[in-house]
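*Asks:* This structure is in structure tokens; I'll ask about it shortly.
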Number of protein chains: 2
Amino acid sequence: MNCLEEKILKDGLVKEGNVLKVDSFLNHQMDINLFNEMGKEWKKRFEGKQINKILTIEASGIGIACIAAQHFGVPVVFAKKSKSINLEGEMYTAEVESFTHKKKNTVIVSKKFLNEDDHVLLIDDFLANGCALQGLIQIVQAAGATVEGIGIAIEKGFQSGGTMIRNLGYQLESLAIVDEMNWETGEIKFR
Amino acid sequence: MNCLEEKILKDGLVKEGNVLKVDSFLNHQMDINLFNEMGKEWKKRFEGKQINKILTIEASGIGIACIAAQHFGVPVVFAKKSKSINLEGEMYTAEVESFTHKKKNTVIVSKKFLNEDDHVLLIDDFLANGCALQGLIQIVQAAGATVEGIGIAIEKGFQSGGTMIRNLGYQLESLAIVDEMNWETGEIKFR
């Protein structure tokens with residue numbers, strides 16, 4: 001059992017509707033020491049890959065990606081979820097639907113920060129049905145860049161995103177894969 | 001001249017309407033080594049302050065806050081900008097208006113992550129008219145916690161936010177204060 005799985009068992013809360021609340025350490029309050037351990041683990045799992053950039057998506061992916069980036073020695077780009085007046089110029093866009101928020105977002109990355117020379121590690125906090133990740137992959141492909149790997153903190157193994165991404169041939173490294181959870185008993189089973 | 005000022009002169013772009021584009025290193029693509037130097041500088045400037053938590057606001061504050069947190073050995077909480085179905089329970093809320101995006105956001109922090117024992121360092125990427133910061137201060141006060149200091153990457157010295165915050169007696173440490181900028185010549189003058 002790795003440090004993230006231990007932390008989930010200790011501080012994660014299972015709620016009705018297959019919701020896993022990890023807001024005390026992952027996506028509202030953020031445990032920076034834990035992020036550092038996660039970064040180390042991804043560095044090990046993506047050993048040998050030539051990665052020159054990390055791409056994540058606002059907002060909860062950013063902290064994890066920045067701390068992980070220190071282990072790879074690379075900059076981070078975060079995809080934005082709505083058009084800002086400060087984000088002019090040509091942009092890559094993809095439409096993604098959030099499982100959690102039940103709404104569609106347009107994900108945007110400036111063309112200045114992604115091109116065919118980039119070897120990209122995608123990082124995000126959650127993988128459920130994989131829509132956000134599909135949007136990021138679509139953007140990397142539109143840029144002619146290469147997805148070297150995908151690092152996820154928590155994968156909901158009972159939803160289809162992980163299977164779909166692995167079937168597409170990507171190296172997907174989820175640090176905790178939740179195969180079952182029960183909101184009545186609070187029990188969580190990892191793969 | 002510190003590392004952030006040097007970086008702004010090298011890679012920042014002045015645009016019409018007093019817009020300073022720093023998206024190549026600060027708020028879209030993120031230079032993690034630079035963030036690390038900024039964190040070191042804030043640690044020095046807030047020497048002797050008892051800080052046990054950093055509070056920032058999504059999205060561009062998160063990366064800076066997380067890297068800075070490593071120098072303080074504390075967790076980060078980021079205020080959210082809209083109500084999420086995952087953010088249940090009692091929350092502190094404040095209404096803030098964004099200068100950049102010309103819209104109002106409700107800023108939300110769960111009551112679980114801020115209380116009267118907390119000594120908080122506020123971190124954000126930009127300070128212009130100070131509305132986002134006012135929202136964060138309002139939330140810290142509602143929690144009965146203490147604002148120990150405020151660390152800003154870039155302050156627009158020609159707008160009123162910095163003066164207002166200093167007049168309220170807060171220790172505000174902006175790493176780069178832009179007093180003048182000219183979009184026709186590209187010139188930037190720091191305080």
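Within each chain, counting starts at residue 1; across the structure tokens, chains are named A, B, ... in the order shown, with ligands numbered 1 upward in that order.
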Given identical sequences, can you show me chain A least-squares superposed on chain B via all its Cα atoms in order, as a short mmCIF file (atom, residue, chain, number, x, y, z; two decimals) with C-alpha atoms, in the first residue's frame?
*Replies:*
data_model
loop_
_atom_site.label_atom_id
_atom_site.label_comp_id
_atom_site.auth_asym_id
_atom_site.auth_seq_id
_atom_site.Cartn_x
_atom_site.Cartn_y
_atom_site.Cartn_z
CA MET A 1 16.33 43.50 -8.93
CA ASN A 2 15.01 40.11 -7.88
CA CYS A 3 14.46 37.00 -10.03
CA LEU A 4 10.79 37.76 -10.70
CA GLU A 5 11.48 41.33 -11.83
CA GLU A 6 14.23 40.03 -14.13
CA LYS A 7 11.88 37.41 -15.55
CA ILE A 8 9.13 40.00 -16.15
CA LEU A 9 11.55 42.23 -18.07
CA LYS A 10 12.76 39.24 -20.09
CA ASP A 11 9.49 37.42 -20.83
CA GLY A 12 6.58 39.64 -19.76
CA LEU A 13 4.56 41.45 -22.43
CA VAL A 14 2.77 44.75 -21.98
CA LYS A 15 -0.58 44.92 -23.78
CA GLU A 16 -3.06 47.72 -24.31
CA GLY A 17 -5.36 48.41 -21.37
CA ASN A 18 -2.69 47.96 -18.67
CA VAL A 19 -2.52 44.23 -19.21
CA LEU A 20 0.77 42.54 -18.29
CA LYS A 21 0.97 39.12 -19.90
CA VAL A 22 3.11 36.73 -17.89
CA ASP A 23 1.48 33.55 -19.15
CA SER A 24 4.77 32.04 -20.33
CA PHE A 25 6.05 31.63 -16.76
CA LEU A 26 3.44 32.58 -14.15
CA ASN A 27 -0.21 31.87 -14.88
CA HIS A 28 -0.58 29.47 -17.80
CA GLN A 29 2.84 27.91 -18.30
CA MET A 30 4.53 27.85 -14.89
CA ASP A 31 8.27 28.12 -14.23
CA ILE A 32 8.69 25.94 -11.16
CA ASN A 33 12.30 27.01 -10.51
CA LEU A 34 11.17 30.63 -10.47
CA PHE A 35 8.32 29.74 -8.05
CA ASN A 36 10.91 28.12 -5.82
CA GLU A 37 12.99 31.31 -5.73
CA MET A 38 9.83 33.28 -4.97
CA GLY A 39 9.00 30.92 -2.10
CA LYS A 40 12.49 31.40 -0.66
CA GLU A 41 12.11 35.17 -0.84
CA TRP A 42 8.75 35.15 0.96
CA LYS A 43 10.17 32.86 3.63
CA LYS A 44 12.87 35.46 4.24
CA ARG A 45 10.44 38.40 4.26
CA PHE A 46 8.04 36.67 6.69
CA GLU A 47 10.87 35.49 8.98
CA GLY A 48 9.66 35.16 12.55
CA LYS A 49 5.97 34.97 11.69
CA GLN A 50 4.18 31.91 13.03
CA ILE A 51 2.48 30.63 9.88
CA ASN A 52 0.69 27.28 9.90
CA LYS A 53 -1.33 27.50 6.68
CA ILE A 54 -1.26 29.14 3.27
CA LEU A 55 -4.52 30.28 1.72
CA THR A 56 -4.77 31.06 -1.99
CA ILE A 57 -7.47 31.24 -4.64
CA GLU A 58 -7.98 29.16 -7.76
CA ALA A 59 -6.59 28.88 -10.29
CA SER A 60 -3.32 30.77 -10.86
CA GLY A 61 -2.50 31.15 -7.17
CA ILE A 62 -2.37 27.40 -6.54
CA GLY A 63 0.96 26.50 -8.14
CA ILE A 64 2.80 29.42 -6.56
CA ALA A 65 1.27 28.68 -3.16
CA CYS A 66 2.15 24.97 -3.27
CA ILE A 67 5.79 25.56 -4.14
CA ALA A 68 6.05 28.36 -1.55
CA ALA A 69 4.47 26.08 1.07
CA GLN A 70 7.54 23.83 0.95
CA HIS A 71 9.59 26.66 2.42
CA PHE A 72 7.13 27.09 5.29
CA GLY A 73 6.38 23.40 5.85
CA VAL A 74 2.63 24.00 5.89
CA PRO A 75 -0.45 22.81 3.95
CA VAL A 76 -2.22 24.96 1.37
CA VAL A 77 -5.94 25.63 1.16
CA PHE A 78 -7.30 27.08 -2.05
CA ALA A 79 -10.53 29.04 -2.09
CA LYS A 80 -12.92 27.83 -4.78
CA LYS A 81 -14.72 30.14 -7.13
CA SER A 82 -18.04 28.35 -7.53
CA LYS A 83 -20.19 25.90 -5.66
CA SER A 84 -19.32 22.27 -6.37
CA ILE A 85 -21.44 19.27 -5.49
CA ASN A 86 -18.34 17.84 -3.80
CA LEU A 87 -18.07 20.78 -1.44
CA GLU A 88 -20.87 20.16 1.01
CA GLY A 89 -21.05 21.17 4.65
CA GLU A 90 -20.65 24.57 6.14
CA MET A 91 -18.61 27.03 4.19
CA TYR A 92 -17.22 30.53 4.49
CA THR A 93 -18.20 32.59 1.47
CA ALA A 94 -17.27 36.02 0.13
CA GLU A 95 -18.29 37.76 -3.05
CA VAL A 96 -15.39 39.09 -5.11
CA GLU A 97 -15.17 40.86 -8.42
CA SER A 98 -12.35 40.07 -10.83
CA PHE A 99 -10.68 43.05 -12.50
CA THR A 100 -9.43 40.84 -15.31
CA HIS A 101 -12.56 38.86 -16.03
CA LYS A 102 -15.14 41.57 -15.31
CA LYS A 103 -17.35 39.18 -13.40
CA LYS A 104 -18.33 38.39 -9.85
CA ASN A 105 -17.34 35.14 -8.20
CA THR A 106 -18.40 33.66 -4.95
CA VAL A 107 -15.26 32.52 -3.15
CA ILE A 108 -15.72 29.52 -0.90
CA VAL A 109 -13.64 27.84 1.80
CA SER A 110 -14.88 24.90 3.82
CA LYS A 111 -15.17 25.64 7.54
CA LYS A 112 -13.26 22.40 8.18
CA PHE A 113 -10.02 23.92 6.94
CA LEU A 114 -9.89 27.29 8.66
CA ASN A 115 -10.47 28.14 12.32
CA GLU A 116 -9.43 30.51 15.08
CA ASP A 117 -6.15 28.65 15.68
CA ASP A 118 -4.92 29.29 12.15
CA HIS A 119 -2.17 31.80 11.35
CA VAL A 120 -2.49 32.29 7.66
CA LEU A 121 -0.24 33.52 4.87
CA LEU A 122 -2.27 34.64 1.85
CA ILE A 123 -0.62 34.05 -1.53
CA ASP A 124 -1.77 35.13 -4.98
CA ASP A 125 -0.28 35.83 -8.38
CA PHE A 126 -1.64 39.34 -9.01
CA LEU A 127 -2.81 42.30 -6.96
CA ALA A 128 -4.59 45.05 -8.88
CA ASN A 129 -7.66 46.55 -7.24
CA GLY A 130 -7.48 43.94 -4.48
CA CYS A 131 -10.95 42.46 -4.70
CA ALA A 132 -9.85 38.82 -4.62
CA LEU A 133 -7.62 39.57 -1.64
CA GLN A 134 -10.44 41.36 0.18
CA GLY A 135 -12.52 38.21 -0.26
CA LEU A 136 -9.76 36.04 1.22
CA ILE A 137 -9.24 38.43 4.15
CA GLN A 138 -12.99 38.46 4.78
CA ILE A 139 -12.99 34.64 4.91
CA VAL A 140 -9.99 34.47 7.29
CA GLN A 141 -11.72 36.98 9.58
CA ALA A 142 -15.01 35.09 9.46
CA ALA A 143 -13.08 32.01 10.63
CA GLY A 144 -11.57 33.95 13.54
CA ALA A 145 -8.13 33.13 12.12
CA THR A 146 -5.20 35.58 11.80
CA VAL A 147 -3.71 37.00 8.61
CA GLU A 148 0.04 36.88 9.32
CA GLY A 149 0.99 38.28 5.96
CA ILE A 150 0.22 38.53 2.27
CA GLY A 151 2.58 37.40 -0.48
CA ILE A 152 1.86 38.64 -3.99
CA ALA A 153 3.89 37.89 -7.10
CA ILE A 154 3.04 40.98 -9.17
CA GLU A 155 1.38 44.11 -7.80
CA LYS A 156 0.07 46.73 -10.19
CA GLY A 157 1.26 49.73 -8.21
CA PHE A 158 -0.82 52.12 -10.30
CA GLN A 159 -4.02 50.53 -9.04
CA SER A 160 -5.39 50.97 -5.56
CA GLY A 161 -5.25 47.44 -4.11
CA GLY A 162 -1.76 47.58 -2.59
CA THR A 163 -2.27 50.96 -0.92
CA MET A 164 -5.60 49.88 0.52
CA ILE A 165 -4.17 46.61 1.92
CA ARG A 166 -1.14 48.40 3.48
CA ASN A 167 -3.43 51.08 4.93
CA LEU A 168 -5.31 48.28 6.69
CA GLY A 169 -2.02 47.39 8.42
CA TYR A 170 -1.24 44.10 6.73
CA GLN A 171 2.34 43.07 5.90
CA LEU A 172 2.05 42.91 2.13
CA GLU A 173 5.10 41.58 0.30
CA SER A 174 4.79 41.95 -3.45
CA LEU A 175 7.84 40.57 -5.22
CA ALA A 176 7.42 42.90 -8.19
CA ILE A 177 5.54 46.20 -8.01
CA VAL A 178 4.89 47.62 -11.46
CA ASP A 179 4.49 51.40 -11.17
CA GLU A 180 4.30 52.14 -14.88
CA MET A 181 4.05 50.24 -18.09
CA ASN A 182 3.75 51.35 -21.67
CA TRP A 183 2.26 49.02 -24.24
CA GLU A 184 3.63 51.05 -27.15
CA THR A 185 7.27 50.86 -26.06
CA GLY A 186 6.95 47.73 -23.94
CA GLU A 187 8.67 49.57 -21.08
CA ILE A 188 8.03 48.46 -17.49
CA LYS A 189 9.05 50.49 -14.42
CA PHE A 190 9.28 48.79 -11.03
CA ARG A 191 8.97 50.61 -7.71
#
*Asks:* Return as a VMD selection string the full set of residues in segment 3-191 of chain A whose backbone-based DSSP assignment is helix (DSSP H, G or I).
*Replies:* chain A and resid 3 to 11 32 to 45 60 to 72 111 to 113 131 to 142 161 to 167
